[in-house]
Structures are given as C-alpha cells and as structure tokens.
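> What follows is target-v8.cif; its format and atoms are mmCIF, C-alpha atoms.
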data_data
loop_
_atom_site.label_atom_id
_atom_site.label_comp_id
_atom_site.auth_asym_id
_atom_site.auth_seq_id
_atom_site.Cartn_x
_atom_site.Cartn_y
_atom_site.Cartn_z
CA MET A 2 6.59 31.86 -38.44
CA LYS A 3 6.81 32.71 -42.13
CA LYS A 4 9.86 34.70 -43.19
CA TYR A 5 9.73 37.67 -45.55
CA ILE A 6 12.25 39.85 -47.38
CA ALA A 7 10.80 43.29 -48.19
CA TYR A 8 11.67 45.25 -51.30
CA TYR A 9 10.72 48.90 -51.80
CA ARG A 10 11.26 51.20 -54.74
CA VAL A 11 11.15 54.99 -54.98
CA SER A 12 11.55 56.84 -58.24
CA ARG A 13 13.54 59.89 -57.15
CA LYS A 14 16.45 60.47 -54.81
CA GLU A 15 14.46 63.10 -52.94
CA GLN A 16 11.74 60.56 -52.16
CA GLY A 17 14.30 58.10 -50.86
CA ILE A 18 15.78 60.67 -48.53
CA SER A 19 12.55 62.23 -47.30
CA GLY A 20 10.58 59.01 -47.11
CA LEU A 21 7.82 60.24 -49.40
CA GLY A 22 6.26 57.22 -51.07
CA LEU A 23 8.54 54.91 -49.14
CA ALA A 24 6.52 55.25 -45.94
CA ALA A 25 3.34 54.17 -47.70
CA GLN A 26 5.04 51.11 -49.18
CA LYS A 27 6.48 50.10 -45.83
CA ALA A 28 3.14 50.54 -44.09
CA SER A 29 1.30 48.31 -46.57
CA VAL A 30 4.00 45.61 -46.49
CA GLU A 31 4.23 45.59 -42.69
CA LYS A 32 0.44 45.37 -42.40
CA TYR A 33 0.34 42.43 -44.80
CA VAL A 34 3.16 40.53 -43.11
CA ALA A 35 1.52 41.05 -39.71
CA SER A 36 -1.76 39.67 -41.08
CA GLN A 37 0.13 36.52 -42.09
CA ASP A 38 1.79 36.22 -38.66
CA GLY A 39 5.11 36.59 -40.43
CA ILE A 40 8.37 38.42 -39.78
CA ILE A 41 10.42 40.70 -42.04
CA LEU A 42 14.02 39.51 -41.93
CA LYS A 43 15.47 42.33 -44.00
CA GLU A 44 14.38 45.32 -46.07
CA TYR A 45 15.89 46.57 -49.33
CA THR A 46 15.15 49.97 -50.83
CA GLU A 47 15.89 50.92 -54.43
CA VAL A 48 16.32 54.65 -54.98
CA GLU A 49 16.10 55.40 -58.68
CA THR A 50 17.30 58.54 -60.40
CA GLY A 51 17.32 59.51 -64.04
CA THR A 52 20.70 57.84 -64.48
CA ASN A 53 20.22 54.48 -62.78
CA LYS A 54 16.70 53.36 -63.71
CA ARG A 55 18.00 50.34 -65.60
CA GLU A 56 20.49 49.28 -62.95
CA ARG A 57 18.58 47.95 -59.99
CA VAL A 58 21.13 46.59 -57.57
CA GLU A 59 18.92 46.19 -54.50
CA ILE A 60 16.34 43.94 -56.16
CA HIS A 61 19.03 41.37 -56.93
CA LYS A 62 20.23 41.52 -53.33
CA ALA A 63 16.66 41.06 -52.10
CA ILE A 64 16.03 38.09 -54.39
CA GLN A 65 19.29 36.42 -53.35
CA MET A 66 18.54 36.94 -49.65
CA ALA A 67 15.05 35.48 -50.07
CA LYS A 68 16.58 32.48 -51.79
CA ASN A 69 19.24 31.98 -49.13
CA GLU A 70 16.74 32.25 -46.27
CA SER A 71 13.93 30.32 -48.00
CA ALA A 72 11.86 33.44 -47.43
CA VAL A 73 9.07 35.11 -49.37
CA LEU A 74 9.94 38.25 -51.34
CA VAL A 75 7.24 40.81 -50.58
CA ILE A 76 6.66 44.01 -52.55
CA ALA A 77 4.03 46.72 -52.15
CA LYS A 78 2.86 47.12 -55.75
CA LEU A 79 3.17 44.64 -58.59
CA ASP A 80 2.00 46.65 -61.60
CA ARG A 81 4.95 48.91 -62.42
CA LEU A 82 7.63 46.63 -61.01
CA ALA A 83 6.45 43.59 -62.96
CA ARG A 84 6.79 45.56 -66.18
CA ASN A 85 10.54 45.67 -65.65
CA VAL A 86 11.99 42.85 -67.71
CA SER A 87 15.10 42.59 -65.52
CA PHE A 88 13.00 42.13 -62.38
CA VAL A 89 10.79 39.47 -63.94
CA SER A 90 13.76 37.58 -65.38
CA SER A 91 15.57 37.60 -62.04
CA LEU A 92 12.44 36.45 -60.24
CA MET A 93 11.86 33.59 -62.67
CA ASP A 94 15.49 32.44 -62.60
CA ALA A 95 15.60 32.45 -58.80
CA GLY A 96 12.45 30.36 -58.49
CA ILE A 97 11.53 31.97 -55.17
CA GLU A 98 8.11 32.58 -53.68
CA PHE A 99 6.90 36.16 -53.91
CA VAL A 100 3.81 38.17 -53.05
CA ALA A 101 2.61 41.64 -54.00
CA VAL A 102 0.49 43.31 -51.33
CA ASP A 103 -1.77 45.05 -53.85
CA MET A 104 -2.31 41.80 -55.79
CA PRO A 105 -1.66 38.86 -53.43
CA SER A 106 -3.21 36.28 -55.77
CA ALA A 107 -0.83 37.14 -58.64
CA ASN A 108 1.08 34.13 -59.96
CA ASN A 109 3.71 33.25 -62.55
CA PHE A 110 1.14 33.55 -65.33
CA THR A 111 0.48 37.14 -64.25
CA ILE A 112 4.07 38.29 -64.33
CA HIS A 113 4.81 36.39 -67.55
CA ILE A 114 2.09 38.45 -69.22
CA PHE A 115 3.49 41.68 -67.84
CA ALA A 116 6.98 40.73 -68.96
CA ALA A 117 5.84 39.87 -72.47
CA LEU A 118 4.16 43.26 -72.81
CA ALA A 119 6.71 45.42 -71.04
CA GLU A 120 9.15 46.14 -73.85
CA GLN A 121 6.39 46.38 -76.43
CA GLU A 122 4.57 48.97 -74.32
CA ALA A 123 7.69 51.11 -73.90
CA LYS A 124 8.37 51.06 -77.64
CA LEU A 125 4.77 51.91 -78.50
CA ILE A 126 4.66 54.86 -76.10
CA SER A 127 7.92 56.22 -77.50
CA THR A 128 6.76 55.79 -81.10
CA ARG A 129 3.34 57.34 -80.50
CA THR A 130 4.83 60.28 -78.64
CA LYS A 131 7.22 61.01 -81.51
CA GLN A 132 4.43 60.65 -84.06
CA ALA A 133 2.14 63.00 -82.15
CA LEU A 134 4.87 65.63 -81.81
CA ALA A 135 5.71 65.31 -85.52
CA GLU A 136 2.04 65.78 -86.39
CA LEU A 137 1.84 68.95 -84.31
CA LYS A 138 4.94 70.23 -86.05
CA LYS A 139 3.35 69.60 -89.47
CA LYS A 140 0.41 71.74 -88.41
CA GLY A 141 2.78 74.62 -87.84
CA ILE A 142 2.85 74.47 -84.06
CA LYS A 143 6.31 75.51 -82.94
CA LEU A 144 7.23 73.05 -80.24
CA GLY A 145 9.70 74.26 -77.68
CA ASN A 146 9.34 77.91 -78.66
CA PRO A 147 9.86 79.83 -75.40
CA ASP A 148 7.71 82.66 -76.75
CA ASN A 149 4.72 80.33 -76.89
CA LEU A 150 5.20 77.95 -73.98
CA THR A 151 7.01 77.77 -70.69
CA THR A 152 9.13 74.72 -69.94
CA GLU A 153 6.47 73.52 -67.51
CA ALA A 154 3.73 73.88 -70.13
CA ARG A 155 5.76 71.96 -72.71
CA ASN A 156 6.42 69.19 -70.23
CA ARG A 157 2.72 68.97 -69.43
CA GLY A 158 1.91 68.69 -73.12
CA VAL A 159 4.38 65.89 -73.69
CA GLN A 160 3.14 64.12 -70.57
CA ALA A 161 -0.46 64.31 -71.82
CA ILE A 162 0.58 62.72 -75.11
CA LYS A 163 2.40 59.94 -73.25
CA GLU A 164 -0.60 59.28 -71.00
CA ASN A 165 -2.91 59.05 -74.01
CA ALA A 166 -0.53 56.60 -75.65
CA LEU A 167 -0.35 54.58 -72.44
CA SER A 168 -4.15 54.39 -72.30
CA ASN A 169 -4.26 52.99 -75.84
CA ASP A 170 -1.50 50.52 -75.06
CA ARG A 171 -3.25 49.31 -71.90
CA ASN A 172 -6.25 48.48 -74.09
CA ARG A 173 -3.98 46.43 -76.34
CA GLN A 174 -2.51 44.74 -73.28
CA ALA A 175 -6.00 43.76 -72.16
CA GLN A 176 -6.63 42.25 -75.59
CA SER A 177 -3.37 40.27 -75.37
CA ILE A 178 -4.33 38.96 -71.94
CA ILE A 179 -7.80 38.00 -73.16
CA GLY A 180 -6.27 36.05 -76.05
CA SER A 181 -3.85 34.25 -73.73
CA CYS A 182 -6.59 33.42 -71.24
CA LYS A 183 -8.92 32.06 -73.92
CA GLU A 184 -6.12 29.79 -75.12
CA LYS A 185 -5.97 28.42 -71.56
CA GLY A 186 -9.71 27.68 -71.71
CA MET A 187 -10.87 30.39 -69.32
CA THR A 188 -14.46 31.66 -69.59
CA TYR A 189 -15.35 35.29 -70.29
CA ARG A 190 -16.48 35.66 -66.68
CA GLU A 191 -13.17 34.30 -65.37
CA ILE A 192 -11.19 36.56 -67.71
CA ALA A 193 -13.19 39.62 -66.64
CA ALA A 194 -12.50 38.84 -62.99
CA TYR A 195 -8.81 38.32 -63.79
CA LEU A 196 -8.49 41.67 -65.61
CA ASN A 197 -10.22 43.46 -62.73
CA GLU A 198 -7.84 41.77 -60.30
CA LEU A 199 -4.92 43.13 -62.35
CA ASN A 200 -6.42 46.64 -62.03
CA PHE A 201 -7.15 46.95 -65.73
CA LYS A 202 -9.95 49.33 -66.74
CA THR A 203 -11.98 49.71 -69.91
CA ARG A 204 -11.40 52.78 -72.07
CA TYR A 205 -14.21 54.42 -70.10
CA GLY A 206 -12.52 53.74 -66.76
CA LYS A 207 -14.95 50.97 -65.79
CA GLN A 208 -14.38 47.44 -64.56
CA PHE A 209 -14.50 44.63 -67.08
CA LEU A 210 -17.68 42.61 -67.53
CA PRO A 211 -17.98 39.25 -69.31
CA SER A 212 -19.79 41.04 -72.17
CA THR A 213 -16.92 43.56 -72.48
CA VAL A 214 -14.40 40.73 -72.66
CA HIS A 215 -16.52 38.99 -75.30
CA GLN A 216 -16.57 42.14 -77.44
CA LEU A 217 -12.80 42.59 -77.18
CA TYR A 218 -12.20 38.93 -78.01
CA ASN A 219 -14.38 39.24 -81.12
CA ARG A 220 -12.40 42.34 -82.06
CA ILE A 221 -9.15 40.35 -81.75
CA ASN A 222 -10.51 37.70 -84.11
CA LEU A 223 -11.60 40.35 -86.62
CA GLN A 224 -8.13 41.94 -86.52
CA GLN A 225 -6.50 38.57 -87.13
CA VAL A 226 -8.79 37.91 -90.11
CA ALA A 227 -8.05 41.36 -91.54
#
In structure tokens, what does this structure look like?

Amino acid sequence: MKKYIAYYRVSRKEQGISGLGLAAQKASVEKYVASQDGIILKEYTEVETGTNKRERVEIHKAIQMAKNESAVLVIAKLDRLARNVSFVSSLMDAGIEFVAVDMPSANNFTIHIFAALAEQEAKLISTRTKQALAELKKKGIKLGNPDNLTTEARNRGVQAIKENALSNDRNRQAQSIIGSCKEKGMTYREIAAYLNELNFKTRYGKQFLPSTVHQLYNRINLQQVA
C-alpha cells in the first residue's frame, strides 16, 4: 500500500479554525489517495495570517516526514503553492516524490518553471500596481479620500488593479513557458496541451491551441529581435 503525507494550506486564521477551504482540500486529497489504494500516514495544515505568510513551518515538517517514511507528499492544488520559492526549494532539496491532486502529471520541469517565475511575478504586480495608482493620482483622482470612497471601495479598486496586472503577467509566464518548451524540442501541439494542463488561459479566457502557441512564440522572437 502506497504511503502518503498530506499537506494543506489555508490563507486566514478564521479558515483554519472554521474549516472553510480546508474541508475541500481534505476531500480532494482523500479521494485521490483512495483511488490509488493508498493510506495517509499524517496530515499537516499550514494556517497563514498576514504576519506569517513567509514562514511556513508545517511544509518543512511534511517534507521531512515524507522523506523519513519514504512516502509521497500530496497536496490539493499546485498552482499557488508552487509559486512559493521556499516550498519549491525545499521540495527540490529533499528529492522526495510528490503529487498535486489538481495536476497529477506535474513534474520537476513544471515546478522549476513556476519557481523561476514566482519572484518575477510578485515584483511585476507590485510595480504595476504602484504605477497604476501613481497614474490615477496624476489625473487628479484623490486616492484614499474618505469623502470620495469607502475603505471597501478603495480596496476593491486596488484589487482590480492587481488582478489586471496578474492577468498580464500570466501572459508573460505563458510566453516564458513556450520558450522553454521549444528549447526542449516540444511541438506547438505538445506545448498547447502542456499549458492547458497547467490551467493557463489565453487573454480571452480560452484554452491554448497550437496556432495560439505559434503566434506567441513568433511574438517572443520579434521581442528578442527588437
């Protein structure tokens, strides 16, 4: 029987206490392990607050336990977790087997790409958010003026700017992945399937097609020439 160590992550203390979000992660992990005729030896839950997002103690415990027991580290969702440089580094150093329920075919190449883009993405979002706010200020819009906006409204505005920046950055991530995959000799069809497997979408919210990948690859070459 295959052994598994489960790792869950919730973003707020309230979620950790109430089980919101955590229950869904546990359900998906337990269903996957059962489908593999496996057994969960131990579960670790990371409860993040605004003050401890960078200090993830439980993930290191989970990785060490998986290593000691020659078990598979299983997580519910790869996308956000793999963008954490600390997690990826720890996973690579430990050399353990891992699986993400939402992307079971993900491999070392997948998480290396996420790791390479993680810090760049964070910096770009921060820079674009500041630039957008500065531009609004130049136009005479008084940001943070309680006479104009409530705190909730201001937060929604900032969040919208961040989401727009994230959308642009995801497009750049897709281009980076396409470039890396072409260097490995993958075809446009294979790259399109790979991007779809990673849950990437085009700027119009559609799945990638070989023709879309071809267009983006040509755009990369044009940017390099320029």
> What is the atom CA of Lys32 of chain A-atom CA of Leu74 of chain A distance in Å, reported with one decimal?
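Computed distance, atom CA of Lys32 of chain A to atom CA of Leu74 of chain A, equals 14.9 Å.
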> Between atom CA of Asp38 of chain A and atom CA of Lys62 of chain A, what is the spacing in Å?
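Interatomic distance here is 24.2 Å.
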> For Phe99 of chain A, find every residue with an atom within 8 Å (counting only C-alpha atoms), except residues of its own chain fewer than 4 positions away, and show them as an MDAnalysis selection string.
chainID A and resid 73:76
> Any chance you could export the current selection's C-alpha atoms as a CSV table (one decimal), in the frame of the given file?

chain,number,residue,atom,x,y,z
A,73,VAL,CA,9.1,35.1,-49.4
A,74,LEU,CA,9.9,38.2,-51.3
A,75,VAL,CA,7.2,40.8,-50.6
A,76,ILE,CA,6.7,44.0,-52.6
> So which one's closest to Gly22 of chain A, A:Met187, A:Cys182, A:Val100, A:Ala77? Using all atoms listed in the file, please.
A:Ala77
> Could you please determine the separation between atom CA of Arg190 of chain A and atom CA of Pro211 of chain A in Å, to one decimal place?
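Separation of atom CA of Arg190 of chain A and atom CA of Pro211 of chain A: 4.7 Å.
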> Using all atoms listed in the file, which of A:Asn69, A:Ser36, A:Gln26, A:Ser12 sits nearest Val48 of chain A?
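So, comparing all the options, the nearest one is A:Ser12.
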> Ranking A:Ala95, A:Ala72, A:Val214, A:Val89 by minimum distance to Thr111 of chain A and counting all atoms listed in the file, which one comes first?
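That would be A:Val89, the residue with the smallest distance to Thr111 of chain A.
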